[in-house]
file structure23.cif (mmCIF, C-alpha atoms)
data_entry
#
loop_
_atom_site.label_atom_id
_atom_site.label_comp_id
_atom_site.auth_asym_id
_atom_site.auth_seq_id
_atom_site.Cartn_x
_atom_site.Cartn_y
_atom_site.Cartn_z
CA ASN A 1 22.56 48.51 6.89
CA ALA A 2 21.72 46.62 3.70
CA GLY A 3 18.26 45.42 4.81
CA VAL A 4 16.68 43.53 1.89
CA THR A 5 18.75 43.21 -1.27
CA GLN A 6 17.28 42.14 -4.59
CA THR A 7 18.99 41.35 -7.85
CA PRO A 8 18.77 42.13 -10.68
CA LYS A 9 17.23 45.62 -10.74
CA PHE A 10 16.13 45.32 -14.36
CA GLN A 11 15.65 42.38 -16.70
CA VAL A 12 14.26 41.86 -20.18
CA LEU A 13 13.29 38.32 -21.18
CA LYS A 14 11.84 36.76 -24.26
CA THR A 15 8.77 34.58 -23.95
CA GLY A 16 9.76 31.11 -22.81
CA GLN A 17 13.06 32.10 -21.22
CA SER A 18 13.73 31.35 -17.58
CA MET A 19 15.32 33.37 -14.83
CA THR A 20 15.74 33.52 -11.08
CA LEU A 21 15.27 36.64 -8.97
CA GLN A 22 17.49 36.65 -5.92
CA CYS A 23 16.65 38.13 -2.54
CA ALA A 24 18.64 38.27 0.68
CA GLN A 25 18.01 39.94 4.03
CA ASP A 26 20.43 40.62 6.85
CA MET A 27 17.91 41.40 9.59
CA ASN A 28 17.58 37.83 10.86
CA HIS A 29 13.91 37.83 9.85
CA ASN A 30 11.99 34.57 9.83
CA SER A 31 9.45 35.44 7.13
CA MET A 32 10.12 36.37 3.54
CA TYR A 33 7.79 37.24 0.68
CA TRP A 34 7.62 37.83 -3.04
CA TYR A 35 5.11 40.36 -4.39
CA ARG A 36 4.37 41.68 -7.83
CA GLN A 37 3.03 45.16 -8.46
CA ASP A 38 1.06 46.06 -11.56
CA PRO A 39 -0.60 49.38 -12.42
CA GLY A 40 -4.06 49.58 -10.87
CA MET A 41 -3.65 46.22 -9.12
CA GLY A 42 -1.62 47.08 -6.06
CA LEU A 43 0.83 44.59 -4.59
CA ARG A 44 -0.16 40.95 -4.87
CA LEU A 45 1.52 38.14 -2.97
CA ILE A 46 3.09 35.45 -5.13
CA TYR A 47 4.70 33.17 -2.52
CA TYR A 48 5.86 33.50 1.02
CA SER A 49 8.02 31.63 3.47
CA ALA A 50 7.00 31.86 7.10
CA SER A 51 10.24 30.30 8.25
CA GLU A 52 13.31 28.58 6.92
CA GLY A 53 12.35 25.35 5.22
CA THR A 54 8.74 26.27 4.47
CA THR A 55 7.09 27.95 1.50
CA ASP A 56 3.44 28.61 0.70
CA LYS A 57 1.44 29.96 -2.19
CA GLY A 58 0.06 33.45 -2.09
CA GLU A 59 -2.61 35.04 -4.23
CA VAL A 60 -0.94 34.66 -7.66
CA PRO A 61 1.52 31.72 -7.60
CA ASN A 62 0.94 30.31 -11.10
CA GLY A 63 4.03 30.41 -13.31
CA TYR A 64 6.43 30.83 -10.39
CA ASN A 65 8.48 28.69 -8.05
CA VAL A 66 10.41 29.67 -4.95
CA SER A 67 13.23 28.36 -2.83
CA ARG A 68 14.02 29.34 0.73
CA LEU A 69 17.68 28.53 0.50
CA ASN A 70 18.45 29.43 4.12
CA LYS A 71 17.19 31.97 6.62
CA ARG A 72 18.70 34.85 4.65
CA GLU A 73 17.80 33.99 1.09
CA PHE A 74 14.53 33.52 -0.79
CA SER A 75 14.60 33.19 -4.57
CA LEU A 76 11.82 33.41 -7.15
CA ARG A 77 12.06 31.48 -10.39
CA LEU A 78 10.20 31.93 -13.64
CA GLU A 79 10.59 28.68 -15.57
CA SER A 80 9.01 29.86 -18.81
CA ALA A 81 8.38 33.58 -18.86
CA ALA A 82 5.18 34.98 -20.35
CA PRO A 83 4.28 38.58 -21.26
CA SER A 84 1.69 38.52 -18.43
CA GLN A 85 4.62 38.30 -16.01
CA THR A 86 5.85 41.74 -17.01
CA SER A 87 5.73 43.53 -13.70
CA VAL A 88 7.71 45.01 -10.85
CA TYR A 89 8.70 42.35 -8.33
CA PHE A 90 9.40 43.12 -4.69
CA CYS A 91 10.95 40.87 -2.12
CA ALA A 92 10.16 41.61 1.52
CA SER A 93 10.90 40.24 4.95
CA SER A 94 9.36 40.56 8.38
CA GLY A 95 10.43 39.74 11.89
CA SER A 96 9.13 37.48 14.59
CA GLN A 97 6.37 39.71 15.95
CA GLY A 98 3.75 37.66 14.18
CA ARG A 99 0.84 39.64 12.84
CA ASN A 100 2.22 42.92 14.11
CA SER A 101 5.37 42.69 12.06
CA PRO A 102 5.68 45.26 9.28
CA LEU A 103 7.34 44.39 6.01
CA HIS A 104 10.73 45.60 4.87
CA PHE A 105 11.04 45.71 1.09
CA GLY A 106 13.88 45.40 -1.35
CA ASN A 107 14.33 47.94 -4.13
CA GLY A 108 12.40 45.91 -6.68
CA THR A 109 13.12 44.18 -9.97
CA ARG A 110 11.58 45.58 -13.12
CA LEU A 111 10.93 42.69 -15.45
CA THR A 112 9.77 42.97 -19.05
CA VAL A 113 8.81 39.88 -21.04
CA THR A 114 8.55 40.40 -24.78
CA ARG B 115 -15.55 43.17 -3.04
CA LYS B 116 -11.80 43.67 -2.68
CA GLU B 117 -10.32 42.77 0.70
CA VAL B 118 -8.76 46.19 1.11
CA GLU B 119 -10.11 49.18 -0.80
CA GLN B 120 -8.77 52.68 -1.22
CA ASP B 121 -9.77 55.67 -3.30
CA PRO B 122 -6.99 55.82 -5.91
CA GLY B 123 -7.12 59.63 -6.11
CA PRO B 124 -5.18 61.63 -7.03
CA PHE B 125 -5.75 64.01 -4.17
CA ASN B 126 -4.37 67.37 -5.27
CA VAL B 127 -3.84 69.71 -2.31
CA PRO B 128 -1.90 72.94 -1.73
CA GLU B 129 1.03 73.09 0.64
CA GLY B 130 -0.11 73.51 4.21
CA ALA B 131 -3.44 71.82 3.69
CA THR B 132 -4.83 69.00 5.78
CA VAL B 133 -5.78 65.88 3.87
CA ALA B 134 -7.32 62.59 4.96
CA PHE B 135 -7.53 59.18 3.32
CA ASN B 136 -9.75 56.29 4.27
CA CYS B 137 -9.30 52.61 3.64
CA THR B 138 -11.94 49.92 4.12
CA TYR B 139 -11.26 46.27 4.78
CA SER B 140 -13.56 43.28 4.49
CA ASN B 141 -12.13 40.79 6.97
CA SER B 142 -13.56 41.56 10.39
CA ALA B 143 -10.98 39.27 12.00
CA SER B 144 -8.05 41.42 10.84
CA GLN B 145 -5.74 42.31 13.68
CA SER B 146 -2.94 44.46 12.32
CA PHE B 147 -3.07 47.59 10.21
CA PHE B 148 -0.40 49.71 8.61
CA TRP B 149 0.10 52.68 6.34
CA TYR B 150 2.95 52.49 3.86
CA ARG B 151 4.28 55.21 1.63
CA GLN B 152 5.52 54.52 -1.88
CA ASP B 153 7.37 57.03 -4.01
CA CYS B 154 7.32 56.74 -7.78
CA ARG B 155 9.36 53.73 -8.95
CA LYS B 156 10.51 52.96 -5.42
CA GLU B 157 9.72 50.28 -2.88
CA PRO B 158 6.98 50.75 -0.28
CA LYS B 159 8.22 51.93 3.10
CA LEU B 160 6.43 51.70 6.42
CA LEU B 161 4.92 55.04 7.41
CA MET B 162 3.19 53.96 10.59
CA SER B 163 1.34 51.16 12.28
CA VAL B 164 -2.26 51.79 13.25
CA TYR B 165 -3.23 51.05 16.82
CA SER B 166 -6.72 50.49 18.20
CA SER B 167 -6.65 53.70 20.20
CA GLY B 168 -5.34 55.75 17.29
CA ASN B 169 -1.83 57.08 17.10
CA GLU B 170 0.07 60.12 15.97
CA ASP B 171 3.53 60.62 14.55
CA GLY B 172 4.32 64.25 13.97
CA ARG B 173 1.99 65.56 11.28
CA PHE B 174 0.49 62.12 10.67
CA THR B 175 -2.44 60.65 12.56
CA ALA B 176 -3.85 57.17 12.04
CA GLN B 177 -7.21 55.96 13.28
CA LEU B 178 -8.92 52.57 13.33
CA ASN B 179 -12.68 52.09 13.32
CA ARG B 180 -13.36 48.40 13.86
CA ALA B 181 -17.13 48.74 13.87
CA SER B 182 -17.16 50.21 10.37
CA GLN B 183 -14.03 48.35 9.30
CA TYR B 184 -11.94 51.23 8.08
CA ILE B 185 -8.69 52.93 8.89
CA SER B 186 -7.78 56.50 8.16
CA LEU B 187 -4.67 58.59 7.69
CA LEU B 188 -4.67 62.32 8.35
CA ILE B 189 -1.81 64.51 7.19
CA ARG B 190 -1.61 68.01 8.60
CA ASP B 191 0.37 70.92 7.18
CA SER B 192 1.12 69.07 3.94
CA LYS B 193 4.61 69.40 2.48
CA LEU B 194 5.70 69.02 -1.12
CA SER B 195 7.70 66.01 0.04
CA ASP B 196 4.48 64.28 1.15
CA SER B 197 3.63 63.71 -2.52
CA ALA B 198 3.54 59.92 -2.89
CA THR B 199 1.17 56.98 -2.99
CA TYR B 200 -0.13 55.84 0.39
CA LEU B 201 -0.85 52.16 0.76
CA CYS B 202 -3.23 50.75 3.31
CA VAL B 203 -2.14 47.31 4.53
CA VAL B 204 -4.16 44.87 6.58
CA ASN B 205 -3.19 41.59 8.14
CA GLY B 206 -5.34 38.68 7.01
CA ASP B 207 -6.63 36.05 9.34
CA ASN B 208 -4.82 32.92 8.27
CA ASN B 209 -3.14 30.07 10.05
CA ALA B 210 0.17 30.62 8.35
CA GLY B 211 1.04 33.77 10.21
CA ASN B 212 1.80 37.19 8.89
CA MET B 213 0.08 37.51 5.51
CA LEU B 214 -0.60 41.12 4.65
CA THR B 215 -3.06 42.39 2.04
CA PHE B 216 -2.40 45.68 0.30
CA GLY B 217 -4.86 48.22 -0.94
CA GLY B 218 -4.33 49.70 -4.37
CA GLY B 219 -3.01 52.93 -2.92
CA THR B 220 -4.10 56.56 -2.81
CA ARG B 221 -2.01 59.04 -4.71
CA LEU B 222 -1.34 62.40 -3.07
CA MET B 223 0.05 65.37 -4.93
CA VAL B 224 0.96 68.44 -2.88
CA LYS B 225 1.32 71.56 -4.98
CA PRO B 226 3.12 74.83 -4.13
#
call {"tool": "encode", "arguments": {"input": "structure23.cif", "output": "structure tokens"}}
result
Amino acid sequence: NAGVTQTPKFQVLKTGQSMTLQCAQDMNHNSMYWYRQDPGMGLRLIYYSASEGTTDKGEVPNGYNVSRLNKREFSLRLESAAPSQTSVYFCASSGSQGRNSPLHFGNGTRLTVT
Amino acid sequence: RKEVEQDPGPFNVPEGATVAFNCTYSNSASQSFFWYRQDCRKEPKLLMSVYSSGNEDGRFTAQLNRASQYISLLIRDSKLSDSATYLCVVNGDNNAGNMLTFGGGTRLMVKP
């Protein structure tokens, strides 16, 4: 079972470049999320999508945009990368159990912005 | 005050030891609680949910104390393979559904 698949695994960008992180899940989950993880900061929610067709800001949305392309796919875009966006990015999904639904994570994308 | 707080550790324990972590949360309306495990440079993985009455899964026991707003994780008979960071996760009370808040994690190192 693939679960949650993220691409790419690694990326190096120069300041001002743009890129899109891709995420897909095959568990028929309604909700999808993008987190970033920085040393000493824990995981922080960037954006989430509670269901197909909806997206909402999380704790740290500035500098990012998202698209819920369909039920399976949720992409994260950096329009103009900044060194402060150097981080590890995780996509996650959860099922339809509402607040009792645990998250299933992808393998992460390690992004460095120089 | 952070919404979810954990002692970052590291907790260094010998194999076979019993170790316990606590996690405090600030939102009294929180309804769902989880412990995740994260290995170095890997994604977090669900270890166990935490139920109101407490629950056990093999060597792992989770407890919830709503009055004092904390959850705990007890690991008995520690194994080398238990070395990881343990993340406390709490569901926030929001109208948009399942929005989870993560603690910063507690690092456990089990030594031979």
call {"tool": "interface_residues", "arguments": {"input": "structure23.cif", "of": "chain B", "to": "chain A", "cutoff": "7 Å", "atoms": "all atoms listed in the file", "output": "list in words"}}
result
Ser146, Lys156, Glu157, Pro158, Asn205, Gly211, Asn212, Phe216, Gly217, Gly218 and Gly219 of chain B
call {"tool": "closest_residue", "arguments": {"input": "structure23.cif", "among": "B:Val118, B:Ala198, B:Leu187, B:Met162", "to": "Thr215 of chain B", "atoms": "all atoms listed in the file"}}
result
B:Val118
call {"tool": "residues_around", "arguments": {"input": "structure23.cif", "residues": "segment 139-144 of chain B", "least_positions_apart": "3", "cutoff": "9 Å", "atoms": "all atoms listed in the file", "output": "PyMOL selection string"}}
result
chain B and resi 115-119+147+180-181+183-185+204-207+217
call {"tool": "resolve_selection", "arguments": {"input": "structure23.cif", "expression": "the PyMOL selection byres ((chain A and resi 66) around 12)", "output": "MDAnalysis selection string"}}
result
chainID A and resid 19:23 32:35 46:49 53:58 61:65 67:69 73:79 91
call {"tool": "residues_near_point", "arguments": {"input": "structure23.cif", "point": "(18.4, 38.9, 5.2)", "cutoff": "8 Å", "atoms": "all atoms listed in the file", "output": "number ranges by chain"}}
result
A: 3-5, 23-29, 71-73, 93
call {"tool": "atom_distance", "arguments": {"input": "structure23.cif", "atom1": "atom CA of Ser163 of chain B", "atom2": "atom CA of Ala176 of chain B"}}
result
7.9 Å
call {"tool": "decode", "arguments": {"input": "structure23.cif", "residues": "segment 45-108 of chain A", "atoms": "C-alpha atoms", "output": "mmCIF file, in the first residue's frame"}}
result
data_model
loop_
_atom_site.group_PDB
_atom_site.id
_atom_site.type_symbol
_atom_site.label_atom_id
_atom_site.label_comp_id
_atom_site.auth_asym_id
_atom_site.auth_seq_id
_atom_site.Cartn_x
_atom_site.Cartn_y
_atom_site.Cartn_z
ATOM 1 C CA LEU A 45 0.485 23.408 9.953
ATOM 2 C CA ILE A 46 0.828 25.447 6.767
ATOM 3 C CA TYR A 47 -2.481 24.725 5.001
ATOM 4 C CA TYR A 48 -5.099 22.052 5.121
ATOM 5 C CA SER A 49 -7.999 20.851 3.048
ATOM 6 C CA ALA A 50 -10.915 19.382 4.967
ATOM 7 C CA SER A 51 -12.494 18.049 1.802
ATOM 8 C CA GLU A 52 -12.156 18.197 -1.940
ATOM 9 C CA GLY A 53 -12.692 21.735 -3.150
ATOM 10 C CA THR A 54 -11.834 23.481 0.120
ATOM 11 C CA THR A 55 -8.575 24.805 1.528
ATOM 12 C CA ASP A 56 -7.827 26.766 4.683
ATOM 13 C CA LYS A 57 -4.848 28.458 6.252
ATOM 14 C CA GLY A 58 -3.035 26.853 9.124
ATOM 15 C CA GLU A 59 -0.582 28.359 11.567
ATOM 16 C CA VAL A 60 2.132 29.469 9.090
ATOM 17 C CA PRO A 61 0.589 30.039 5.626
ATOM 18 C CA ASN A 62 2.586 33.089 4.508
ATOM 19 C CA GLY A 63 4.688 32.479 1.408
ATOM 20 C CA TYR A 64 2.730 29.381 0.368
ATOM 21 C CA ASN A 65 -0.248 28.478 -1.775
ATOM 22 C CA VAL A 66 -2.064 25.179 -2.090
ATOM 23 C CA SER A 67 -4.326 23.410 -4.530
ATOM 24 C CA ARG A 68 -6.618 20.499 -3.776
ATOM 25 C CA LEU A 69 -6.610 19.160 -7.293
ATOM 26 C CA ASN A 70 -8.986 16.282 -6.546
ATOM 27 C CA LYS A 71 -9.668 13.996 -3.613
ATOM 28 C CA ARG A 72 -6.296 12.280 -3.992
ATOM 29 C CA GLU A 73 -3.949 15.178 -4.585
ATOM 30 C CA PHE A 74 -2.941 18.244 -2.577
ATOM 31 C CA SER A 75 -0.037 20.367 -3.787
ATOM 32 C CA LEU A 76 1.976 23.067 -2.032
ATOM 33 C CA ARG A 77 3.532 25.889 -4.018
ATOM 34 C CA LEU A 78 6.302 28.284 -3.096
ATOM 35 C CA GLU A 79 6.044 31.207 -5.505
ATOM 36 C CA SER A 80 9.242 32.965 -4.460
ATOM 37 C CA ALA A 81 11.366 30.868 -2.135
ATOM 38 C CA ALA A 82 13.139 32.461 0.814
ATOM 39 C CA PRO A 83 15.870 31.039 3.081
ATOM 40 C CA SER A 84 13.331 31.031 5.949
ATOM 41 C CA GLN A 85 11.458 28.338 4.030
ATOM 42 C CA THR A 86 14.337 25.908 4.409
ATOM 43 C CA SER A 87 12.649 23.076 6.242
ATOM 44 C CA VAL A 88 11.326 19.557 6.053
ATOM 45 C CA TYR A 89 7.822 19.470 4.593
ATOM 46 C CA PHE A 90 5.347 16.706 5.341
ATOM 47 C CA CYS A 91 2.081 16.025 3.625
ATOM 48 C CA ALA A 92 -0.528 14.094 5.597
ATOM 49 C CA SER A 93 -4.054 12.822 5.210
ATOM 50 C CA SER A 94 -6.786 11.683 7.550
ATOM 51 C CA GLY A 95 -10.040 9.826 7.174
ATOM 52 C CA SER A 96 -13.636 10.639 7.869
ATOM 53 C CA GLN A 97 -13.688 9.976 11.611
ATOM 54 C CA GLY A 98 -13.616 13.673 12.340
ATOM 55 C CA ARG A 99 -11.614 14.637 15.379
ATOM 56 C CA ASN A 100 -10.667 11.062 16.148
ATOM 57 C CA SER A 101 -8.876 10.552 12.871
ATOM 58 C CA PRO A 102 -5.115 10.117 13.135
ATOM 59 C CA LEU A 103 -2.822 11.477 10.473
ATOM 60 C CA HIS A 104 -0.930 9.416 7.927
ATOM 61 C CA PHE A 105 2.241 11.114 6.736
ATOM 62 C CA GLY A 106 4.269 11.037 3.578
ATOM 63 C CA ASN A 107 8.033 10.545 3.705
ATOM 64 C CA GLY A 108 8.794 14.251 3.668
#
